[in-house]
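Pasting start-v2.cif here (mmCIF, C-alpha atoms):
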```
data_structure
loop_
_atom_site.group_PDB
_atom_site.id
_atom_site.type_symbol
_atom_site.label_atom_id
_atom_site.label_comp_id
_atom_site.auth_asym_id
_atom_site.auth_seq_id
_atom_site.Cartn_x
_atom_site.Cartn_y
_atom_site.Cartn_z
ATOM 1 C CA MET A 1 201.986 188.959 98.745
ATOM 2 C CA GLY A 2 199.836 191.838 99.959
ATOM 3 C CA LYS A 3 197.294 191.204 97.194
ATOM 4 C CA PRO A 4 194.088 190.003 98.892
ATOM 5 C CA GLU A 5 192.175 190.815 95.720
ATOM 6 C CA LEU A 6 193.712 187.729 94.094
ATOM 7 C CA LEU A 7 191.629 185.490 96.384
ATOM 8 C CA GLU A 8 188.497 187.287 95.242
ATOM 9 C CA THR A 9 189.329 186.497 91.608
ATOM 10 C CA GLU A 10 187.743 183.250 90.418
ATOM 11 C CA HIS A 11 190.944 182.413 88.490
ATOM 12 C CA PHE A 12 192.963 182.219 91.709
ATOM 13 C CA ALA A 13 190.444 181.365 94.471
ATOM 14 C CA SER A 14 191.464 177.691 94.759
ATOM 15 C CA ASN A 15 194.581 175.652 94.187
ATOM 16 C CA ASN A 16 192.936 173.940 91.205
ATOM 17 C CA ALA A 17 192.065 177.320 89.689
ATOM 18 C CA ARG A 18 195.616 178.602 90.263
ATOM 19 C CA VAL A 19 197.043 175.531 88.518
ATOM 20 C CA ILE A 20 194.702 175.959 85.554
ATOM 21 C CA ASN A 21 195.530 179.677 85.345
ATOM 22 C CA HIS A 22 199.222 179.414 86.177
ATOM 23 C CA ALA A 23 200.294 181.319 83.038
ATOM 24 C CA GLU A 24 198.326 184.341 84.250
ATOM 25 C CA LEU A 25 199.499 183.985 87.870
ATOM 26 C CA LYS A 26 203.197 183.422 87.181
ATOM 27 C CA PRO A 27 204.079 187.009 86.154
ATOM 28 C CA ILE A 28 202.220 188.345 89.218
ATOM 29 C CA ILE A 29 204.309 186.142 91.522
ATOM 30 C CA GLU A 30 207.528 186.955 89.642
ATOM 31 C CA GLU A 31 206.846 190.682 90.036
ATOM 32 C CA TRP A 32 206.341 190.181 93.791
ATOM 33 C CA LEU A 33 209.673 188.331 94.000
ATOM 34 C CA THR A 34 211.807 190.869 92.095
ATOM 35 C CA ASP A 35 213.179 192.607 95.199
ATOM 36 C CA LYS A 36 213.486 189.518 97.441
ATOM 37 C CA THR A 37 216.269 187.015 97.920
ATOM 38 C CA ILE A 38 215.673 183.272 97.962
ATOM 39 C CA ASP A 39 216.182 183.153 101.727
ATOM 40 C CA GLN A 40 213.874 186.111 102.380
ATOM 41 C CA THR A 41 211.144 184.491 100.313
ATOM 42 C CA VAL A 42 211.455 181.108 102.018
ATOM 43 C CA ASP A 43 211.438 182.750 105.473
ATOM 44 C CA MET A 44 208.361 184.831 104.625
ATOM 45 C CA LEU A 45 206.455 181.789 103.397
ATOM 46 C CA LEU A 46 207.437 179.647 106.391
ATOM 47 C CA GLU A 47 206.368 182.424 108.800
ATOM 48 C CA LYS A 48 202.895 182.254 107.234
ATOM 49 C CA GLY A 49 202.769 178.458 107.588
ATOM 50 C CA ILE A 50 203.306 177.805 103.905
ATOM 51 C CA PRO A 51 205.653 174.842 103.275
ATOM 52 C CA ALA A 52 208.648 176.143 101.354
ATOM 53 C CA ALA A 53 212.272 175.356 100.632
ATOM 54 C CA PRO A 54 214.780 176.733 98.161
ATOM 55 C CA ILE A 55 215.778 174.946 95.003
ATOM 56 C CA ASN A 56 219.477 175.402 95.562
ATOM 57 C CA THR A 57 222.015 176.234 92.923
ATOM 58 C CA ILE A 58 225.445 174.605 93.123
ATOM 59 C CA ASP A 59 227.022 177.733 94.596
ATOM 60 C CA ARG A 60 224.481 177.633 97.447
ATOM 61 C CA VAL A 61 224.858 173.882 98.022
ATOM 62 C CA VAL A 62 228.642 174.037 98.423
ATOM 63 C CA LYS A 63 228.265 176.766 101.075
ATOM 64 C CA ASP A 64 225.341 175.187 102.932
ATOM 65 C CA PRO A 65 226.447 174.433 106.519
ATOM 66 C CA HIS A 66 224.324 171.289 106.707
ATOM 67 C CA ILE A 67 225.124 169.779 103.308
ATOM 68 C CA ALA A 68 228.731 170.881 102.828
ATOM 69 C CA GLY A 69 229.610 171.033 106.514
ATOM 70 C CA ALA A 70 227.809 168.572 108.767
ATOM 71 C CA ARG A 71 227.052 166.033 106.008
ATOM 72 C CA GLU A 72 230.556 166.319 104.492
ATOM 73 C CA MET A 73 229.205 166.165 100.963
ATOM 74 C CA PHE A 74 232.323 167.879 99.629
ATOM 75 C CA VAL A 75 235.795 166.765 100.636
ATOM 76 C CA GLU A 76 239.281 167.856 99.649
ATOM 77 C CA ILE A 77 241.787 165.384 98.231
ATOM 78 C CA ASP A 78 245.304 165.496 96.833
ATOM 79 C CA HIS A 79 245.275 164.211 93.255
ATOM 80 C CA PRO A 80 248.627 163.203 91.720
ATOM 81 C CA MET A 81 247.950 165.060 88.454
ATOM 82 C CA ALA A 82 245.494 167.835 89.334
ATOM 83 C CA GLY A 83 246.738 168.784 92.797
ATOM 84 C CA ARG A 84 244.391 169.701 95.641
ATOM 85 C CA LEU A 85 240.734 169.243 94.617
ATOM 86 C CA LYS A 86 237.353 169.508 96.251
ATOM 87 C CA ILE A 87 235.170 166.594 95.166
ATOM 88 C CA THR A 88 231.775 165.171 96.054
ATOM 89 C CA GLY A 89 231.940 163.074 99.216
ATOM 90 C CA ASN A 90 230.150 159.822 99.804
ATOM 91 C CA GLN A 91 226.396 160.386 100.045
ATOM 92 C CA ILE A 92 225.915 157.256 102.167
ATOM 93 C CA LYS A 93 226.078 158.114 105.854
ATOM 94 C CA LEU A 94 226.073 155.464 108.583
ATOM 95 C CA THR A 95 225.670 156.219 112.282
ATOM 96 C CA ASN A 96 228.647 154.258 113.586
ATOM 97 C CA HIS A 97 230.878 154.028 110.498
ATOM 98 C CA LYS A 98 232.611 156.808 108.637
ATOM 99 C CA ILE A 99 233.038 156.119 104.928
ATOM 100 C CA ASP A 100 236.234 157.685 103.606
ATOM 101 C CA ILE A 101 237.703 157.864 100.131
ATOM 102 C CA ARG A 102 240.153 154.972 100.027
ATOM 103 C CA LYS A 103 241.336 155.261 96.454
ATOM 104 C CA LEU A 104 241.430 158.112 93.980
ATOM 105 C CA SER A 105 240.084 157.697 90.482
ATOM 106 C CA PRO A 106 242.806 156.285 88.241
ATOM 107 C CA THR A 107 244.797 158.424 85.876
ATOM 108 C CA LEU A 108 244.515 157.672 82.160
ATOM 109 C CA SER A 109 245.501 154.033 81.503
ATOM 110 C CA GLN A 110 246.699 153.517 85.094
ATOM 111 C CA ASP A 111 244.751 150.265 85.488
ATOM 112 C CA THR A 112 244.674 149.124 81.850
ATOM 113 C CA ARG A 113 247.103 146.228 82.198
ATOM 114 C CA GLN A 114 245.454 144.928 85.379
ATOM 115 C CA ILE A 115 241.989 145.013 83.790
ATOM 116 C CA MET A 116 243.130 143.334 80.581
ATOM 117 C CA VAL A 117 244.932 140.539 82.450
ATOM 118 C CA GLU A 118 242.577 139.983 85.398
ATOM 119 C CA ARG A 119 239.221 140.756 83.807
ATOM 120 C CA LEU A 120 239.741 139.922 80.165
ATOM 121 C CA GLY A 121 242.102 136.983 80.691
ATOM 122 C CA MET A 122 244.820 138.338 78.420
ATOM 123 C CA SER A 123 248.469 137.476 78.923
ATOM 124 C CA ASP A 124 251.124 140.084 79.669
ATOM 125 C CA LYS A 125 252.574 139.313 76.240
ATOM 126 C CA GLN A 126 249.229 140.091 74.537
ATOM 127 C CA VAL A 127 248.946 143.349 76.449
ATOM 128 C CA ASP A 128 252.535 144.277 75.539
ATOM 129 C CA GLU A 129 251.760 143.651 71.859
ATOM 130 C CA LEU A 130 248.679 145.894 71.984
ATOM 131 C CA ILE A 131 250.699 148.613 73.690
ATOM 132 C CA ALA A 132 253.502 148.295 71.127
ATOM 133 C CA GLU A 133 250.958 148.577 68.307
ATOM 134 C CA GLU A 134 249.466 151.634 70.067
ATOM 135 C CA VAL A 135 246.059 149.969 70.276
ATOM 136 C CA VAL A 136 245.916 150.811 73.973
#
```
Would it be possible to restate this file's structure as structure tokens?
Amino acid sequence: MGKPELLETEHFASNNARVINHAELKPIIEEWLTDKTIDQTVDMLLEKGIPAAPINTIDRVVKDPHIAGAREMFVEIDHPMAGRLKITGNQIKLTNHKIDIRKLSPTLSQDTRQIMVERLGMSDKQVDELIAEEVV
């Protein structure tokens, strides 16, 4: 930060002291960061041997070559109602098996009858009655 005098101040001489006095230290660090980008700051810290990584915003994550590219965390699909969409891909990655999206999320009430018959044990007649009465 170019402020060696901070180390000579008892309030900031150790990590414990910096934690205790964080409210006083925070505006000093924020002032130092005002003219730096996230990437510049991370690079500067890493060059000095200080462990650092950005806390990414969504706009940075979707452009990240590792996350969005190599890890395929965002994939494009064709949705019957919404058209072409970019959605979150499967976060589980296996060395020898690619996990693809096999089925899109259902549209409103697309699977209602199947669930009511197969899962709830209702008859088609019961489901028809509920539909006729506008219950479902």
| query | Near Ile58 in chain A, within 12 Å and counting all atoms listed in the file, which residues show up once chain neighbours fewer than 6 positions away are dropped, as number ranges by chain? | reply | A: 64, 67-68, 74, 88
Let me have the centre and edge lengths of the axis-aligned box enclosing all listed atoms of range 47-54 of chain A with 4 Å padding on every side, in Å to one decimal, as AutoDock Vina command-line options.
```
--center_x 208.8 --center_y 178.6 --center_z 103.5 --size_x 20.0 --size_y 15.6 --size_z 18.6
```
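Residues selected in this file by the PyMOL selection byres ((chain A and resi 136) around 10) comprise Ser109, Thr112, Arg113, Val127, Asp128, Glu129, Leu130, Ile131, Ala132, Glu133, Glu134 and Val135 of chain A.
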| task | Taking the file above as input, evaluate the PyMOL selection byres ((chain A and resi 42) around 12) and report the hits as a VMD selection string. | result | chain A and resid 33 36 to 41 43 to 56
| Between CA of Asn90 in chain A and CA of Val61 in chain A, what is the distance, to one decimal in Å? | 15.1 Å
| message | Quick check, in Å to one decimal: how far apart do CA of Gln126 in chain A and CA of Pro80 in chain A lie? | response | 28.8 Å
| field | Gap from CA of Glu10 in chain A to CA of His22 in chain A - Å, one decimal | value | 12.8 Å
| request: Find the residues around Asn21 in chain A up to 9 Å (all atoms listed in the file counted), leave out those fewer than 4 positions away in its own chain, and share them as a PyMOL selection string. | output: chain A and resi 11-12+16-17+25-26
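Here the PyMOL selection byres ((chain A and resi 100) around 10) catches exactly these residues: Val75, Gly89, Asn90, His97, Lys98, Ile99, Ile101, Arg102 and Lys103 of chain A.
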